[in-house]
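Novice: I'd like to ask you about the structure that follows.
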Amino acid sequence: MANAPVNVTITGAAGNIGYALLFRIASGALLGPDQRVNLRLLEIPPAVKAAEGTAMELFDSAFPTLGSIDIFDDPKKAFEGANIAFLVGSMPRKAGMERADLLSANGGIFGPQGEALNAGAAEDIKVLVVGNPANTNALIAASHAKDIPASRFTAMTRLDHNRALAQLAAKTGAHVSELDKVTVWGNHSTTQYPDLTHATVKGQAIPEILADRAWVEDDFIPTVAKRGAAIIEARGASSAASAASAAIDHVRDWCLGVKDYSWTSSSIMSEGQYGVPEGIISSFPCTCENGEWKVVEGLEIDDFSRARIDASAAELLDEKNAVASMGLI
Ligand SMILES: NC(=O)C1=CN([C@@H]2O[C@H](COP(=O)(O)OP(=O)(O)OC[C@H]3O[C@@H](n4cnc5c(N)ncnc54)[C@H](O)[C@@H]3O)[C@@H](O)[C@H]2O)C=CC1
Ligand SMILES: O=C([O-])CC(=O)C(=O)O
């Protein structure tokens, strides 16, 4: 293999998403069959033993694309030399937990991880935050990494994007590969706005589907936005394999470029595009070239979309103000 190995750090490596994610990264699904990866697993001390078990299985898989596997309980060491970081480990909301408690617990995780990235990551570091509340956790991490451009901190709305594609495919009978120009705007939460306004099926616009407002507003949008809860209800555990798959899609497009579709959805630092306030990490329609996300410009935003985009941006601003008032950013 001609290229130097790429160092990939995964936090929460012993968790459910970690278990699905690590094997796909190691097998070449992230960067292709000609790129070796070194895995750097970060866990909290009580979960290090479980991470060691996963590492034994990775070792036993004898992947041609896997270089080394190292396990850490110290973020400073785990992020040393990292080219790519998947921040999966977090404190998800538990029954009875107030939002302020959730944000504060995650501030204690993502602030120090941002500092550790700042201290030791490679110059080309790319960070994807998966752990919820993903957008605001990404904002916290970015604000603690003053020397890393904010554009290197992203949050995952690719699972929402994929869920939207799957719903549209089911509705139209087309294959997901025949769909294009679907967007998820806003927060990875129930305020997200999966937007079909510009969508195409086999290259054609879908006016008859958009005219079916009952389906779009009462079926499609809530089904996509509440899919996480539906999976938890059905499985008794949150989406793990689909989340891992979406994380691979996000970072692969970031590293190798958006190629097979016009755009995808990625949560990136807003610079005020489409009236989304600057300084929040919000989902946009994005292309990616040479390792830089770029918001697709010039899309028409109708009144319905405007209201939905504004509502999700308002929620992100509320979250930002909450963590700012706690001194977390
Ligand atoms: N953005 C998205 O689309 C999605 C996000 N999620 C979120 O991803 C997160 C992880 O989900 P699962 O893997 O199912 O959870 P999990 O509970 O199975 O695993 C989380 C792991 O993170 C570890 N961890 C906790 N604090 C840590 C820290 N400070 N440093 C390193 N590791 C730490 C835990 O020990 C545990 O092994 C959750 O917050 C979940 O809500 C899940 C699905 C989709
Ligand atoms: O809802 C959850 O807790 C997990 C999640 O983020 C998703 O599946 O979208």
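Every chain in the structure tokens has a letter given in the order shown (A, B, ...), and although residue numbers restart at 1 in each chain, ligands are simply numbered from 1 in the order shown.
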List all protein, DNA and RNA residues that have at least one atom no more than 7 Å from any atom of ligand 1, counting only C-alpha atoms and all ligand atoms, and write them as a PyMOL selection string.
Specialist: chain A and resi 11-18+42-44+47+88-92+109+130-134+155-160+188+228+238-240+243
Novice: Could you tell me, as an mmCIF file with N, CA and C atoms, in the first residue's frame, which residues of segment 90-289 of chain A DSSP assigns to strand (DSSP E) when given the backbone?
Specialist:
data_model
loop_
_atom_site.group_PDB
_atom_site.id
_atom_site.type_symbol
_atom_site.label_atom_id
_atom_site.label_comp_id
_atom_site.auth_asym_id
_atom_site.auth_seq_id
_atom_site.Cartn_x
_atom_site.Cartn_y
_atom_site.Cartn_z
ATOM 1 N N LYS A 126 -10.108 15.616 10.786
ATOM 2 C CA LYS A 126 -11.535 15.733 10.442
ATOM 3 C C LYS A 126 -12.306 15.082 11.583
ATOM 4 N N VAL A 127 -13.254 15.814 12.154
ATOM 5 C CA VAL A 127 -13.977 15.318 13.330
ATOM 6 C C VAL A 127 -15.452 15.149 13.004
ATOM 7 N N LEU A 128 -15.977 13.970 13.264
ATOM 8 C CA LEU A 128 -17.425 13.734 13.157
ATOM 9 C C LEU A 128 -17.957 13.419 14.552
ATOM 10 N N VAL A 129 -18.910 14.230 15.020
ATOM 11 C CA VAL A 129 -19.553 13.946 16.309
ATOM 12 C C VAL A 129 -20.847 13.180 16.053
ATOM 13 N N PHE A 153 -15.007 20.500 12.357
ATOM 14 C CA PHE A 153 -15.910 19.864 13.325
ATOM 15 C C PHE A 153 -17.295 19.732 12.707
ATOM 16 N N THR A 154 -17.767 18.517 12.575
ATOM 17 C CA THR A 154 -19.071 18.271 11.957
ATOM 18 C C THR A 154 -19.891 17.372 12.881
ATOM 19 N N ALA A 155 -21.202 17.376 12.672
ATOM 20 C CA ALA A 155 -22.073 16.473 13.445
ATOM 21 C C ALA A 155 -22.874 15.630 12.456
ATOM 22 N N LEU A 179 -32.464 8.105 -6.426
ATOM 23 C CA LEU A 179 -32.967 9.335 -5.794
ATOM 24 C C LEU A 179 -31.825 10.326 -5.642
ATOM 25 N N ASP A 180 -32.174 11.594 -5.671
ATOM 26 C CA ASP A 180 -31.142 12.628 -5.541
ATOM 27 C C ASP A 180 -31.770 13.880 -4.936
ATOM 28 N N THR A 183 -32.594 16.757 1.188
ATOM 29 C CA THR A 183 -31.814 17.507 2.182
ATOM 30 C C THR A 183 -32.404 17.321 3.566
ATOM 31 N N VAL A 184 -31.540 17.208 4.560
ATOM 32 C CA VAL A 184 -31.979 17.357 5.950
ATOM 33 C C VAL A 184 -31.357 18.639 6.473
ATOM 34 N N TRP A 185 -32.205 19.540 6.967
ATOM 35 C CA TRP A 185 -31.762 20.820 7.520
ATOM 36 C C TRP A 185 -31.855 20.774 9.045
ATOM 37 N N TYR A 193 -35.504 19.148 9.619
ATOM 38 C CA TYR A 193 -36.427 19.269 8.490
ATOM 39 C C TYR A 193 -35.911 18.468 7.298
ATOM 40 N N PRO A 194 -36.457 17.260 7.109
ATOM 41 C CA PRO A 194 -36.141 16.509 5.892
ATOM 42 C C PRO A 194 -36.946 17.116 4.741
ATOM 43 N N ASP A 195 -36.246 17.575 3.721
ATOM 44 C CA ASP A 195 -36.833 18.447 2.692
ATOM 45 C C ASP A 195 -36.792 17.747 1.325
ATOM 46 N N THR A 200 -35.275 14.543 -6.654
ATOM 47 C CA THR A 200 -35.569 13.928 -7.952
ATOM 48 C C THR A 200 -35.572 12.407 -7.800
ATOM 49 N N VAL A 201 -36.400 11.781 -8.647
ATOM 50 C CA VAL A 201 -36.440 10.325 -8.753
ATOM 51 C C VAL A 201 -36.144 10.010 -10.216
ATOM 52 N N GLN A 204 -36.055 13.008 -12.391
ATOM 53 C CA GLN A 204 -37.265 13.832 -12.579
ATOM 54 C C GLN A 204 -37.716 14.435 -11.246
ATOM 55 N N ALA A 205 -38.237 15.683 -11.300
ATOM 56 C CA ALA A 205 -38.836 16.294 -10.108
ATOM 57 C C ALA A 205 -40.064 15.479 -9.697
ATOM 58 N N THR A 264 -25.297 15.745 -0.328
ATOM 59 C CA THR A 264 -25.751 14.973 0.819
ATOM 60 C C THR A 264 -26.074 15.962 1.938
ATOM 61 N N SER A 265 -26.361 15.454 3.139
ATOM 62 C CA SER A 265 -26.650 16.345 4.267
ATOM 63 C C SER A 265 -25.560 16.180 5.312
ATOM 64 N N SER A 266 -25.002 17.314 5.743
ATOM 65 C CA SER A 266 -23.950 17.286 6.743
ATOM 66 C C SER A 266 -24.147 18.457 7.682
ATOM 67 N N SER A 267 -23.939 18.230 8.965
ATOM 68 C CA SER A 267 -24.039 19.336 9.932
ATOM 69 C C SER A 267 -22.676 19.977 10.056
ATOM 70 N N ILE A 268 -22.606 21.231 9.625
ATOM 71 C CA ILE A 268 -21.338 21.958 9.624
ATOM 72 C C ILE A 268 -21.556 23.341 10.246
ATOM 73 N N MET A 269 -20.466 24.015 10.560
ATOM 74 C CA MET A 269 -20.568 25.338 11.190
ATOM 75 C C MET A 269 -21.228 26.307 10.218
ATOM 76 N N ILE A 281 -23.832 24.676 14.644
ATOM 77 C CA ILE A 281 -23.522 23.555 13.747
ATOM 78 C C ILE A 281 -24.849 22.946 13.310
ATOM 79 N N SER A 282 -25.200 23.211 12.061
ATOM 80 C CA SER A 282 -26.527 22.896 11.548
ATOM 81 C C SER A 282 -26.395 22.076 10.271
ATOM 82 N N SER A 283 -27.409 21.281 9.988
ATOM 83 C CA SER A 283 -27.374 20.456 8.782
ATOM 84 C C SER A 283 -27.780 21.275 7.557
ATOM 85 N N PHE A 284 -27.024 21.061 6.479
ATOM 86 C CA PHE A 284 -27.245 21.757 5.208
ATOM 87 C C PHE A 284 -27.120 20.756 4.055
ATOM 88 N N PRO A 285 -27.618 21.142 2.881
ATOM 89 C CA PRO A 285 -27.266 20.368 1.684
ATOM 90 C C PRO A 285 -25.811 20.674 1.345
ATOM 91 N N CYS A 286 -24.977 19.637 1.249
ATOM 92 C CA CYS A 286 -23.533 19.877 1.090
ATOM 93 C C CYS A 286 -22.926 19.010 0.001
ATOM 94 N N THR A 287 -21.958 19.594 -0.686
ATOM 95 C CA THR A 287 -21.041 18.808 -1.495
ATOM 96 C C THR A 287 -19.708 18.795 -0.749
ATOM 97 N N CYS A 288 -18.777 18.029 -1.253
ATOM 98 C CA CYS A 288 -17.487 17.984 -0.594
ATOM 99 C C CYS A 288 -16.411 17.759 -1.635
ATOM 100 N N GLU A 289 -15.409 18.629 -1.620
ATOM 101 C CA GLU A 289 -14.302 18.484 -2.558
ATOM 102 C C GLU A 289 -13.001 18.796 -1.857
#
Novice: Counting only C-alpha atoms, figure out which residue out of A:Arg152, A:Arg308, A:Arg99, A:Arg227 gets nearest to Phe86 of chain A.
Specialist: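 Answer, going by the shortest atom-to-atom distance: A:Arg152.
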Novice: Between A:Ile25, A:Leu299, A:Cys255, A:Ser177, which has the minimum distance to Asn83 of chain A (counting only C-alpha atoms)?
Specialist: A:Cys255
Novice: May I have the residues within 7 Å of Leu39 of chain A as an mmCIF file with N, CA and C atoms, in the first residue's frame, using only C-alpha atoms and disregarding those fewer than 3 positions away in the same chain?
Specialist:
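Once everything was written out, this is around-v8.cif:
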data_model
loop_
_atom_site.group_PDB
_atom_site.id
_atom_site.type_symbol
_atom_site.label_atom_id
_atom_site.label_comp_id
_atom_site.auth_asym_id
_atom_site.auth_seq_id
_atom_site.Cartn_x
_atom_site.Cartn_y
_atom_site.Cartn_z
ATOM 1 N N ASN A 7 -4.517 7.565 10.691
ATOM 2 C CA ASN A 7 -4.847 7.318 12.101
ATOM 3 C C ASN A 7 -6.282 7.728 12.379
ATOM 4 N N VAL A 8 -7.086 6.767 12.818
ATOM 5 C CA VAL A 8 -8.505 7.007 13.066
ATOM 6 C C VAL A 8 -8.793 6.757 14.546
ATOM 7 N N THR A 9 -9.238 7.795 15.254
ATOM 8 C CA THR A 9 -9.588 7.649 16.671
ATOM 9 C C THR A 9 -11.100 7.516 16.802
ATOM 10 N N SER A 68 -2.382 -0.858 12.928
ATOM 11 C CA SER A 68 -2.305 -1.132 14.357
ATOM 12 C C SER A 68 -3.642 -0.864 15.061
ATOM 13 N N ILE A 69 -3.768 -1.410 16.283
ATOM 14 C CA ILE A 69 -4.920 -1.116 17.154
ATOM 15 C C ILE A 69 -4.350 -0.733 18.518
ATOM 16 N N ASP A 70 -4.721 0.456 19.007
ATOM 17 C CA ASP A 70 -4.291 0.878 20.335
ATOM 18 C C ASP A 70 -5.503 1.310 21.144
#
Novice: Can you tell me how far atom CA of Asp34 of chain A sits from atom CA of Met1 of chain A, in Å to one decimal?
Specialist: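 Atom CA of Met1 of chain A lies 5.8 Å from atom CA of Asp34 of chain A.
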Novice: Take atom CA of Ile232 of chain A and atom CA of Glu98 of chain A and report the distance between them in Å, one decimal.
Specialist: 19.5 Å
